[in-house]
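What's in start.cif: mmCIF, C-alpha atoms
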data_protein
loop_
_atom_site.label_atom_id
_atom_site.label_comp_id
_atom_site.auth_asym_id
_atom_site.auth_seq_id
_atom_site.Cartn_x
_atom_site.Cartn_y
_atom_site.Cartn_z
CA MET Q 19 -30.17 10.28 -6.95
CA ASN Q 20 -28.96 7.33 -4.88
CA LYS Q 21 -27.95 5.55 -8.05
CA LYS Q 22 -25.89 8.56 -9.08
CA ILE Q 23 -24.14 8.68 -5.70
CA PHE Q 24 -23.48 4.95 -5.91
CA LEU Q 25 -22.04 5.27 -9.41
CA ASP Q 26 -19.92 8.22 -8.33
CA LYS Q 27 -18.54 6.24 -5.41
CA LEU Q 28 -17.93 3.23 -7.62
CA PHE Q 29 -16.11 5.37 -10.11
CA GLN Q 30 -14.00 6.90 -7.34
CA VAL Q 31 -13.16 3.46 -5.93
CA LEU Q 32 -12.19 2.18 -9.38
CA ASN Q 33 -10.10 5.27 -9.96
CA TYR Q 34 -8.41 4.72 -6.60
CA LEU Q 35 -7.70 1.11 -7.52
CA ARG Q 36 -6.32 2.24 -10.87
CA GLU Q 37 -4.01 4.66 -9.08
CA ASN Q 38 -2.84 1.83 -6.86
CA ILE Q 39 -2.52 -0.78 -9.58
CA LYS Q 40 1.14 -1.34 -8.68
CA ILE Q 41 0.21 -2.18 -5.09
CA LEU Q 42 -2.44 -4.62 -6.33
CA PHE Q 43 0.07 -6.22 -8.65
CA LEU Q 44 2.65 -6.56 -5.88
CA VAL Q 45 0.09 -8.00 -3.44
CA GLY Q 46 -1.00 -10.47 -6.12
CA VAL Q 47 2.55 -11.59 -6.83
CA PHE Q 48 3.32 -11.83 -3.13
CA THR Q 49 0.23 -13.95 -2.45
CA GLY Q 50 1.06 -16.11 -5.46
CA LEU Q 51 4.52 -16.70 -4.01
CA VAL Q 52 3.00 -17.55 -0.62
CA PHE Q 53 0.69 -20.08 -2.27
CA VAL Q 54 3.55 -21.59 -4.25
CA SER Q 55 5.69 -21.80 -1.10
CA TYR Q 56 2.80 -23.48 0.68
CA TYR Q 57 2.51 -25.94 -2.20
CA ILE Q 58 6.20 -26.74 -2.18
CA ILE Q 59 6.49 -27.10 1.59
CA LYS Q 60 3.20 -28.77 2.42
CA VAL Q 61 2.30 -30.76 -0.64
CA GLN Q 62 5.66 -31.62 -2.11
CA ILE Q 63 7.70 -32.18 1.04
CA ILE Q 64 5.37 -33.10 3.89
CA ASP Q 65 2.67 -34.86 1.88
CA ASP Q 66 5.20 -36.97 0.10
CA GLU Q 67 5.76 -38.76 3.37
CA TYR Q 68 2.31 -38.96 4.78
CA VAL Q 69 -0.39 -36.47 3.91
CA MET Q 70 -0.75 -37.18 0.24
CA ALA Q 71 -1.68 -40.74 0.96
CA TYR Q 72 -5.02 -39.74 2.37
CA LYS Q 73 -6.18 -39.39 -1.17
CA ALA Q 74 -5.24 -42.92 -2.05
CA THR Q 75 -7.11 -46.08 -1.29
CA ILE Q 76 -5.21 -49.24 -1.89
CA GLU Q 77 -6.94 -52.52 -2.11
CA SER Q 78 -5.62 -55.96 -2.54
CA GLU Q 79 -7.32 -59.27 -2.80
CA ILE Q 80 -5.80 -62.39 -1.47
CA ILE Q 81 -7.19 -65.61 -2.79
CA CYS Q 82 -6.97 -68.26 -0.17
CA GLU Q 83 -6.62 -71.90 -0.85
CA GLU Q 84 -9.82 -73.75 -1.41
CA GLY Q 85 -11.12 -75.31 1.72
CA CYS Q 86 -9.29 -72.95 4.02
CA THR Q 87 -10.97 -72.41 7.31
CA LEU Q 88 -10.33 -68.71 7.63
CA ASN Q 89 -13.39 -66.89 8.89
CA ALA Q 90 -14.30 -63.34 9.79
CA SER Q 91 -13.37 -63.64 13.45
CA GLN Q 92 -10.02 -65.12 12.51
CA VAL Q 93 -9.41 -62.18 10.24
CA GLU Q 94 -10.18 -59.85 13.12
CA ASP Q 95 -7.91 -61.83 15.37
CA MET Q 96 -5.26 -61.61 12.74
CA LEU Q 97 -5.50 -57.91 12.55
CA TYR Q 98 -5.58 -57.29 16.28
CA GLY Q 99 -3.86 -60.44 17.44
CA SER Q 100 -0.41 -60.44 18.88
CA ASP Q 101 1.27 -62.04 15.85
CA ILE Q 102 0.30 -59.44 13.38
CA LYS Q 103 0.53 -56.69 15.97
CA ASN Q 104 4.11 -57.55 16.75
CA ALA Q 105 4.91 -57.95 13.11
CA LEU Q 106 3.35 -54.59 12.32
CA ILE Q 107 5.01 -52.81 15.23
CA ASN Q 108 8.25 -54.27 14.12
CA ASN Q 109 7.61 -53.23 10.57
CA LEU Q 110 6.18 -49.78 11.24
CA GLY Q 111 8.60 -48.90 13.97
CA SER Q 112 6.30 -48.05 16.87
CA GLU Q 113 3.04 -48.96 18.55
CA GLU Q 114 1.71 -45.54 17.74
CA ALA Q 115 2.30 -46.16 14.06
CA TYR Q 116 0.62 -49.53 14.39
CA LEU Q 117 -2.50 -47.99 15.98
CA LYS Q 118 -2.60 -45.37 13.28
CA CYS Q 119 -2.23 -48.07 10.67
CA ILE Q 120 -5.00 -50.23 12.11
CA GLU Q 121 -7.39 -47.28 12.03
CA ASP Q 122 -6.93 -47.04 8.34
CA VAL Q 123 -7.03 -50.69 7.40
CA ASP Q 124 -10.07 -52.71 6.57
CA MET Q 125 -10.06 -56.44 5.92
CA LYS Q 126 -13.05 -58.26 4.55
CA LEU Q 127 -13.38 -61.95 3.94
CA VAL Q 128 -15.87 -63.04 1.30
CA GLN Q 129 -15.83 -66.74 0.65
CA ASN Q 130 -12.20 -67.47 -0.03
CA MET Q 131 -11.25 -63.96 -1.00
CA LEU Q 132 -9.71 -61.61 1.55
CA THR Q 133 -9.85 -57.97 0.59
CA VAL Q 134 -7.43 -55.66 2.34
CA SER Q 135 -8.10 -51.97 2.02
CA CYS Q 136 -5.73 -49.37 3.25
CA THR Q 137 -7.07 -45.87 3.33
CA ASN Q 138 -5.39 -42.74 4.64
CA LEU Q 139 -2.04 -44.45 4.60
CA ASN Q 140 1.06 -43.50 2.78
CA ARG Q 141 1.15 -45.58 -0.34
CA ASN Q 142 4.43 -47.25 0.55
CA ASP Q 143 3.20 -48.04 4.05
CA ALA Q 144 0.05 -49.48 2.59
CA ILE Q 145 2.00 -51.71 0.21
CA ASP Q 146 4.25 -52.79 3.07
CA PHE Q 147 1.24 -53.59 5.17
CA ILE Q 148 -0.41 -55.63 2.46
CA ILE Q 149 2.81 -57.53 1.86
CA LEU Q 150 3.00 -58.19 5.56
CA ILE Q 151 -0.50 -59.64 5.52
CA TYR Q 152 0.50 -61.81 2.60
CA ASP Q 153 3.52 -63.01 4.52
CA ILE Q 154 1.48 -63.88 7.57
CA LEU Q 155 -1.19 -65.57 5.51
CA SER Q 156 1.30 -67.35 3.34
CA ASP Q 157 0.09 -70.75 4.50
CA LEU Q 158 -3.38 -69.98 3.40
CA ILE Q 159 -2.64 -68.48 0.05
CA CYS Q 160 -3.02 -70.63 -3.04
CA GLU Q 161 0.15 -72.31 -3.99
CA GLU Q 162 0.10 -70.87 -7.50
CA ASP Q 163 -0.40 -67.36 -6.20
CA LYS Q 164 1.91 -67.59 -3.25
CA VAL Q 165 5.03 -66.63 -5.11
CA LEU Q 166 3.40 -63.46 -6.22
CA TYR Q 167 2.97 -62.12 -2.73
CA THR Q 168 6.46 -62.33 -1.42
CA ARG Q 169 8.46 -59.25 -0.70
CA SER Q 170 11.29 -60.21 -2.89
CA ASN Q 171 9.22 -60.33 -6.06
CA GLU Q 172 8.14 -56.78 -6.64
CA THR Q 173 6.65 -56.97 -10.08
CA PRO Q 174 3.75 -59.26 -9.29
CA ILE Q 175 2.93 -57.24 -6.22
CA THR Q 176 2.48 -54.07 -8.18
CA THR Q 177 0.23 -55.87 -10.55
CA LEU Q 178 -1.83 -57.30 -7.77
CA VAL Q 179 -2.16 -54.22 -5.69
CA ARG Q 180 -4.79 -52.03 -7.19
CA TYR Q 181 -4.51 -48.36 -6.60
CA LYS Q 182 -7.51 -46.21 -6.40
CA VAL Q 183 -5.97 -42.86 -6.62
CA ASN Q 184 -8.39 -40.02 -6.88
CA SER Q 185 -5.72 -37.45 -7.40
CA ASP Q 186 -2.17 -38.26 -6.71
CA LYS Q 187 -0.79 -34.76 -6.46
CA GLY Q 188 -3.91 -32.64 -6.32
CA ILE Q 189 -3.69 -29.38 -8.20
CA GLY Q 190 -0.38 -28.40 -9.73
CA ILE Q 191 2.04 -25.65 -8.82
CA THR Q 192 0.92 -23.38 -11.66
CA TYR Q 193 -2.67 -23.55 -10.46
CA PHE Q 194 -1.49 -22.68 -6.98
CA ALA Q 195 0.37 -19.67 -8.38
CA GLU Q 196 -2.60 -18.53 -10.47
CA ILE Q 197 -5.04 -18.95 -7.63
CA GLY Q 198 -2.63 -17.12 -5.31
CA ILE Q 199 -2.34 -14.16 -7.67
CA ILE Q 200 -6.10 -13.93 -8.16
CA VAL Q 201 -6.77 -14.22 -4.43
CA GLY Q 202 -4.07 -11.61 -3.72
CA VAL Q 203 -5.44 -9.11 -6.23
CA LEU Q 204 -8.99 -9.62 -4.99
CA LEU Q 205 -7.96 -9.27 -1.35
CA GLY Q 206 -5.90 -6.20 -2.18
CA ALA Q 207 -8.81 -4.66 -4.07
CA ILE Q 208 -11.17 -5.33 -1.17
CA VAL Q 209 -8.77 -3.88 1.39
CA LEU Q 210 -8.07 -0.80 -0.74
CA SER Q 211 -11.78 -0.27 -1.41
CA VAL Q 212 -12.65 -0.54 2.27
CA ASP Q 213 -9.78 1.78 3.10
CA PHE Q 214 -10.99 4.28 0.50
CA LEU Q 215 -14.58 4.19 1.70
CA THR Q 216 -13.80 4.40 5.40
CA ARG Q 217 -10.74 6.64 5.62
CA GLY Q 218 -11.19 10.09 7.07
CA ASN Q 219 -9.96 12.36 4.32
CA VAL Q 220 -11.05 15.93 3.93
CA LYS Q 221 -13.31 15.93 0.93
CA ASP Q 222 -15.23 19.20 0.90
CA GLU Q 223 -15.88 22.52 2.56
CA LEU Q 224 -18.29 20.94 5.00
CA ASP Q 225 -15.59 18.56 6.23
CA ILE Q 226 -13.26 21.49 6.88
CA TYR Q 227 -15.85 23.40 8.82
CA LYS Q 228 -17.17 20.35 10.68
CA HIS Q 229 -13.84 18.93 11.79
CA PHE Q 230 -11.63 22.00 12.08
CA ASN Q 231 -14.01 24.91 12.42
CA LEU Q 232 -12.02 26.70 9.73
CA PRO Q 233 -13.14 28.35 6.49
CA LEU Q 234 -12.35 27.22 2.99
CA LEU Q 235 -10.57 30.30 1.74
CA ALA Q 236 -10.51 29.33 -1.93
CA ASN Q 237 -11.22 26.48 -4.24
CA ILE Q 238 -8.79 26.66 -7.14
CA PRO Q 239 -10.12 24.90 -10.21
CA HIS Q 240 -8.08 22.40 -12.14
CA ILE Q 241 -5.78 23.84 -14.77
CA ASP Q 242 -4.41 21.58 -17.44
CA GLU Q 243 -1.20 22.33 -19.29
CA SER Q 244 -2.94 24.37 -21.95
CA GLY Q 245 -4.30 26.55 -19.18
CA GLU Q 246 -7.90 25.52 -19.54
CA GLU Q 247 -9.84 24.99 -16.38
CA ASP Q 248 -11.68 21.85 -15.54
CA GLU Q 249 -15.36 21.85 -16.32
CA LYS Q 250 -17.41 21.89 -13.18
CA ASP Q 251 -20.92 20.62 -12.71
CA MET N 29 31.78 58.51 -3.56
CA LYS N 30 28.96 56.28 -2.43
CA VAL N 31 27.98 53.58 -4.91
CA VAL N 32 24.26 52.76 -4.87
CA LYS N 33 23.62 49.18 -5.77
CA LYS N 34 20.79 48.63 -8.19
CA MET N 35 18.26 45.97 -7.36
CA LYS N 36 18.36 42.91 -9.63
CA ARG N 37 15.40 42.37 -11.88
CA ILE N 38 13.96 39.04 -12.89
CA LYS N 39 11.34 38.10 -15.43
CA ILE N 40 8.78 35.79 -13.96
CA LYS N 41 8.22 32.66 -15.92
CA ASP N 42 4.51 32.57 -16.61
CA SER N 43 3.99 28.99 -17.63
CA MET N 44 0.34 28.82 -16.74
CA VAL N 45 -2.28 30.97 -18.31
CA MET N 46 -4.27 32.71 -15.60
CA ASN N 47 -7.81 32.13 -16.72
CA HIS N 48 -10.83 33.87 -15.36
CA GLU N 49 -11.89 31.13 -12.94
CA VAL N 50 -8.44 30.86 -11.38
CA GLU N 51 -8.13 34.62 -11.14
CA LEU N 52 -11.48 34.78 -9.39
CA SER N 53 -10.48 32.12 -6.90
CA PHE N 54 -7.28 33.98 -6.01
CA ASN N 55 -9.16 37.24 -5.66
CA MET N 56 -11.52 35.41 -3.35
CA LEU N 57 -8.56 34.05 -1.41
CA LYS N 58 -7.13 37.52 -0.98
CA SER N 59 -10.48 38.93 0.14
CA ASN N 60 -11.00 36.06 2.55
CA LEU N 61 -7.53 36.56 4.00
CA ASP N 62 -8.25 40.23 4.53
CA TYR N 63 -11.53 39.33 6.18
CA TYR N 64 -10.51 36.37 8.34
CA GLY N 65 -6.96 37.41 8.98
CA ASN N 66 -7.72 41.10 9.62
CA GLU N 67 -5.42 42.18 6.78
CA PRO N 68 -2.37 40.16 7.78
CA LYS N 69 1.03 41.34 6.71
CA VAL N 70 2.86 38.04 6.70
CA VAL N 71 1.09 34.95 5.39
CA ALA N 72 2.70 31.53 5.25
CA VAL N 73 1.51 29.12 2.59
CA THR N 74 2.03 25.50 3.49
CA SER N 75 0.74 21.98 3.00
CA CYS N 76 0.64 18.64 4.73
CA LEU N 77 2.04 16.66 1.80
CA ASP N 78 4.51 17.34 -0.98
CA LYS N 79 3.38 18.45 -4.44
CA GLU N 80 0.04 19.85 -3.35
CA GLY N 81 0.67 23.14 -5.11
CA LYS N 82 1.72 25.42 -2.27
CA SER N 83 4.39 27.16 -4.35
CA PHE N 84 1.86 27.75 -7.11
CA VAL N 85 -0.63 29.17 -4.61
CA ALA N 86 2.00 31.36 -2.94
CA TYR N 87 3.20 32.65 -6.29
CA ARG N 88 -0.29 33.40 -7.59
CA LEU N 89 -1.36 34.94 -4.32
CA ALA N 90 1.65 37.23 -4.44
CA ILE N 91 0.74 38.27 -8.00
CA THR N 92 -2.85 38.91 -6.94
CA CYS N 93 -1.75 41.07 -4.03
CA ALA N 94 0.68 42.99 -6.25
CA ASN N 95 -2.03 43.49 -8.87
CA ALA N 96 -4.24 44.88 -6.10
CA GLY N 97 -1.66 47.61 -5.61
CA LYS N 98 0.08 46.26 -2.53
CA ARG N 99 3.83 46.15 -2.26
CA THR N 100 4.28 42.42 -2.16
CA LEU N 101 7.18 40.15 -1.38
CA LEU N 102 7.28 36.45 -2.14
CA LEU N 103 9.71 34.91 0.33
CA MET N 104 10.72 31.36 -0.51
CA THR N 105 11.98 29.31 2.39
CA ASP N 106 11.97 25.80 1.03
CA TYR N 107 15.60 24.95 0.31
CA ARG N 108 14.61 21.61 -1.14
CA LYS N 109 12.74 23.06 -4.08
CA THR N 110 12.19 26.61 -5.13
CA MET N 111 10.07 28.04 -7.87
CA GLY N 112 11.89 30.11 -10.47
CA ASN N 113 15.25 28.85 -9.32
CA GLY N 114 15.91 26.62 -12.28
CA SER N 115 19.36 25.23 -12.78
CA ASN N 116 21.03 28.58 -12.12
CA THR N 117 22.11 29.41 -8.64
CA LEU N 118 20.20 32.42 -7.45
CA VAL N 119 21.32 33.94 -4.19
CA GLY N 120 18.59 34.19 -1.64
CA LEU N 121 17.58 33.63 1.92
CA ALA N 122 20.22 31.01 2.66
CA GLU N 123 23.07 33.32 1.64
CA MET N 124 21.50 36.29 3.39
CA LEU N 125 21.08 34.48 6.69
CA SER N 126 24.63 33.22 6.53
CA ASN N 127 25.89 36.76 5.85
CA ASN N 128 27.16 35.85 2.41
CA CYS N 129 25.13 38.54 0.71
CA THR N 130 23.09 41.61 1.47
CA LEU N 131 19.37 42.16 1.15
CA MET N 132 19.95 44.08 -2.06
CA ASP N 133 21.74 41.06 -3.53
CA ALA N 134 18.95 38.68 -2.64
CA LEU N 135 15.94 40.87 -3.36
CA TYR N 136 14.70 40.61 -6.91
CA GLU N 137 12.39 43.01 -8.64
CA THR N 138 9.96 41.37 -11.04
CA ASP N 139 8.23 42.44 -14.20
CA ILE N 140 5.01 42.54 -12.20
CA GLU N 141 4.69 45.94 -10.69
CA LYS N 142 5.14 46.06 -6.89
CA MET N 143 6.08 42.40 -6.68
CA HIS N 144 9.45 41.30 -5.35
CA ILE N 145 10.96 37.90 -4.70
CA ILE N 146 13.56 36.51 -2.36
CA PHE N 147 14.52 33.01 -3.44
CA ALA N 148 15.40 30.29 -0.97
CA GLY N 149 19.01 30.27 -2.04
CA ASP N 150 21.55 27.83 -3.27
CA LYS N 151 19.88 24.47 -3.31
CA SER N 152 23.12 22.66 -4.00
CA LYS N 153 23.94 23.22 -0.35
CA ASP N 154 22.82 20.96 2.43
CA LYS N 155 19.10 20.49 1.99
CA ASP N 156 18.50 20.24 5.70
CA ILE N 157 20.19 23.52 6.39
CA SER N 158 18.60 25.13 9.40
CA ILE N 159 17.43 28.70 9.43
CA ASN N 160 18.77 31.01 12.08
CA ALA N 161 15.54 32.12 13.76
CA ASP N 162 16.94 35.33 15.25
CA ARG N 163 18.39 36.51 11.96
CA LEU N 164 15.17 35.63 10.18
CA THR N 165 13.16 37.62 12.72
CA ILE N 166 15.38 40.66 12.20
CA LEU N 167 15.12 40.26 8.45
CA VAL N 168 11.33 39.84 8.41
CA ASN N 169 10.87 42.81 10.74
CA GLY N 170 12.90 44.86 8.31
CA LEU N 171 10.95 43.57 5.33
CA LYS N 172 7.64 44.37 7.03
CA LYS N 173 8.58 48.02 6.83
CA MET N 174 9.33 47.74 3.14
CA PHE N 175 6.31 45.73 2.01
CA ASP N 176 2.57 45.70 2.60
CA VAL N 177 2.28 41.95 2.25
CA ILE N 178 4.84 39.16 2.62
CA ILE N 179 3.87 35.77 1.30
CA ILE N 180 6.09 33.00 2.65
CA ASP N 181 6.32 29.90 0.51
CA THR N 182 7.22 27.30 3.11
CA SER N 183 8.31 23.71 2.89
CA THR N 184 5.95 20.86 3.63
CA ILE N 185 5.43 20.72 7.35
CA GLY N 186 7.65 18.20 9.06
CA LYS N 187 10.02 17.85 6.12
CA THR N 188 12.63 20.27 7.38
CA VAL N 189 13.82 21.56 10.72
CA ASN N 190 12.77 25.11 9.94
CA ASP N 191 9.04 24.95 10.65
CA LYS N 192 9.21 26.78 13.95
CA ALA N 193 11.57 29.49 12.73
CA VAL N 194 9.49 30.18 9.62
CA PHE N 195 5.97 30.00 11.05
CA SER N 196 6.81 32.12 14.05
CA GLN N 197 7.41 35.02 11.61
CA ALA N 198 3.95 34.78 10.06
CA ASP N 199 0.75 36.41 11.25
CA GLY N 200 -1.09 33.42 9.91
CA ALA N 201 -0.90 30.45 7.62
CA VAL N 202 -3.02 28.91 4.94
CA LEU N 203 -3.02 25.21 4.26
CA VAL N 204 -3.11 24.03 0.66
CA LEU N 205 -4.55 20.60 0.06
CA GLU N 206 -6.03 18.48 -2.63
CA PRO N 207 -9.59 17.37 -1.93
CA ASP N 208 -9.88 13.81 -0.66
CA LYS N 209 -6.13 13.31 -0.49
CA VAL N 210 -5.19 14.36 3.01
CA PRO N 211 -6.28 12.47 6.14
CA ARG N 212 -7.98 14.51 8.86
CA LYS N 213 -5.53 13.18 11.46
CA LEU N 214 -2.61 14.58 9.51
CA ILE N 215 -4.28 17.98 9.20
CA LYS N 216 -4.92 18.03 12.94
CA HIS N 217 -1.28 17.19 13.55
CA VAL N 218 -0.10 19.91 11.17
CA ARG N 219 -2.45 22.45 12.71
CA LYS N 220 -1.01 21.63 16.10
CA ILE N 221 2.52 22.25 14.81
CA ILE N 222 1.56 25.56 13.20
CA GLU N 223 -0.32 26.83 16.23
CA SER N 224 2.46 25.77 18.58
CA THR N 225 4.67 28.38 16.88
CA GLY N 226 2.18 31.12 17.71
CA CYS N 227 1.01 31.33 14.11
CA MET N 228 -2.70 31.24 13.43
CA LEU N 229 -4.16 28.93 10.80
CA PHE N 230 -6.50 31.14 8.78
CA GLY N 231 -8.06 28.38 6.73
CA MET N 232 -7.59 25.96 3.92
CA ILE N 233 -7.36 26.11 0.16
CA PHE N 234 -8.48 23.36 -2.13
CA ASN N 235 -6.14 22.99 -5.07
CA ASN N 236 -7.78 20.70 -7.61
CA LYS N 237 -4.69 19.39 -9.30
CA ASP N 238 -6.07 16.21 -10.75
CA LYS N 239 -9.19 15.51 -12.66
CA LEU N 240 -11.20 12.64 -11.32
#

As structure tokens, the full file:
Amino acid sequence: MNKKIFLDKLFQVLNYLRENIKILFLVGVFTGLVFVSYYIIKVQIIDDEYVMAYKATIESEIICEEGCTLNASQVEDMLYGSDIKNALINNLGSEEAYLKCIEDVDMKLVQNMLTVSCTNLNRNDAIDFIILIYDILSDLICEEDKVLYTRSNETPITTLVRYKVNSDKGIGITYFAEIGIIVGVLLGAIVLSVDFLTRGNVKDELDIYKHFNLPLLANIPHIDESGEEDEKD
Amino acid sequence: MKVVKKMKRIKIKDSMVMNHEVELSFNMLKSNLDYYGNEPKVVAVTSCLDKEGKSFVAYRLAITCANAGKRTLLLMTDYRKTMGNGSNTLVGLAEMLSNNCTLMDALYETDIEKMHIIFAGDKSKDKDISINADRLTILVNGLKKMFDVIIIDTSTIGKTVNDKAVFSQADGAVLVLEPDKVPRKLIKHVRKIIESTGCMLFGMIFNNKDKL
């Protein structure tokens, strides 16, 4: 009995959704557009400057000259010391940007190899930062490599800087649109179903009596165009 | 010499076959109206929403009353849409209330014995035309003497400005609705409007228009 009631309700809900298929379609399209707008504004415009970089980790290795005396504490001093700080502030434009940059930079010295990792930084900022480190460390860098790390020579830099990009642009605009439409249709269906199941429509004679204390004077059966009445259970 | 005008006669378009079940339900409606409404003379048929079948119910109820031997009048008051009007302009209530025709011009005999119709009138005119309540009262009082039952096919409540004028003429009203289509709040609102005119709401009629 309960199963029958459940199936009846399900059938009614599906029928209601079918009747409102246009609304579902419009909600789906609207949500798709919202998702696409979000993609364009947030991912394409804002992320291009900053946010997208959080997905990129840029590493560079600087090979120091043999016999250099650079040690871990010197590296730390370099990073937080006034020389590099001033250079970075100058380069990044503000102290705030410098602090943000420092949070996302890791420098490790293993033997004569200095690894600079920039995470959560805009790719261009990261490259600038690494170049800056190269400039500051220019005295310590091998003579044969030194030329490669200068700002003016771009080609070697791009070959030396290794990008670890998990996903440069994330999911594409078409996926955003598809997901938006699916989410919109699902949300619309849920809202319509809840509305159907909870709305206070008059459904039967009992409803009329209960809520209005009035009689049902007649129940006219369905007549189709050929004049035949609907079959009743 | 006095010229006696002959009443116009109209053949009712019977597009729907009245099967046994439907006939039974209208007989039941008539009996229930007699019982609950204490044999009302003027019954208004209305609905909360458009296209719920109030014109069909009014028309069939009028036929049922006429078939029961009562002198019946179907008075259509919905200028926006009238049954049997078609594309031809049929003079009716609108013309009568604006003194453009007489009762004899607007009253139509039908091929159903004892059933008469007054159409709403020229629907090419302003759809929001307002009914002169005083004239309507005089007219309905006159018609009460001529007929045993007057069925008023009204417009959907709230759609025109004539609700008060029309419902105040009726002894009671019946509300036509499709099951599970009309919110309770709307029915309560409509009931309030009807009862504020001094008209009693006799009950409701389920018109199962659509198959589930």

Show which residues sit within 9 Å of N:Ile222, as a list of chain:residue names. Count all atoms listed in the file, and ignore same-chain residues fewer than 2 positions away. N:Ile185, N:Asp191, N:Lys192, N:Phe195, N:Ser196, N:Gly200, N:Ala201, N:His217, N:Val218, N:Arg219, N:Lys220, N:Ser224, N:Thr225, N:Gly226, N:Cys227, N:Met228, N:Leu229

Two-atom distance - atom CA of N:Val202, atom CA of N:Leu167 (Å): 21.7 Å

Would you kindly report the residues of chain N within 6 Å of chain Q, using all atoms listed in the file, as a PDB file with C-alpha atoms, in the coordinates of the input?
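Once written, result_30.pdb looks like this:
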ATOM      1  CA  MET N  44       0.340  28.820 -16.740  1.00  0.00           C
ATOM      2  CA  VAL N  45      -2.280  30.970 -18.310  1.00  0.00           C
ATOM      3  CA  VAL N  50      -8.440  30.860 -11.380  1.00  0.00           C
ATOM      4  CA  SER N  53     -10.480  32.120  -6.900  1.00  0.00           C
ATOM      5  CA  LEU N  57      -8.560  34.050  -1.410  1.00  0.00           C
ATOM      6  CA  ASN N  60     -11.000  36.060   2.550  1.00  0.00           C
ATOM      7  CA  PRO N 207      -9.590  17.370  -1.930  1.00  0.00           C
ATOM      8  CA  ASP N 208      -9.880  13.810  -0.660  1.00  0.00           C
ATOM      9  CA  VAL N 210      -5.190  14.360   3.010  1.00  0.00           C
ATOM     10  CA  PRO N 211      -6.280  12.470   6.140  1.00  0.00           C
ATOM     11  CA  ARG N 212      -7.980  14.510   8.860  1.00  0.00           C
ATOM     12  CA  GLY N 231      -8.060  28.380   6.730  1.00  0.00           C
ATOM     13  CA  MET N 232      -7.590  25.960   3.920  1.00  0.00           C
ATOM     14  CA  ILE N 233      -7.360  26.110   0.160  1.00  0.00           C
ATOM     15  CA  PHE N 234      -8.480  23.360  -2.130  1.00  0.00           C
ATOM     16  CA  ASN N 235      -6.140  22.990  -5.070  1.00  0.00           C
ATOM     17  CA  ASN N 236      -7.780  20.700  -7.610  1.00  0.00           C
ATOM     18  CA  LYS N 237      -4.690  19.390  -9.300  1.00  0.00           C
TER      19      LYS N 237
END

Could you list the residues chosen by the PyMOL selection byres ((chain N and resi 79) around 12) in this structure as a ChimeraX atom specification? /N:74-78,80-85,109,183-184,204-206,209,235-238

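Between atom CA of N:Thr188 and atom CA of N:Lys172 the separation is 24.6 Å.
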
Report as a PyMOL selection string the residues that result from applying the PyMOL selection byres ((chain N and resi 115-129) around 8) to the structure here. chain N and resi 104-105+107+113-114+130-131+133-135+146-151+159-160+163-164

Could you state which residues are captured by the PyMOL selection byres ((chain Q and resi 35) around 12) in this file, as a ChimeraX atom specification? /Q:28-34,36-43,203-204,206-215

Figure out the distance between atom CA of N:Leu61 and atom CA of N:Ile91, please, to one decimal in Å. 14.7 Å

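Contact shell of N:Arg37 at 10 Å (only C-alpha atoms; same-chain neighbours under 5 positions omitted): N:Leu135, N:Tyr136, N:Glu137, N:Thr138, N:Asp139, N:His144, N:Ile145.
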
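Nearest to N:Pro68 of all the residues N:Asn55, N:Thr100, N:Lys216, N:Ala198 is N:Ala198, counting only C-alpha atoms.
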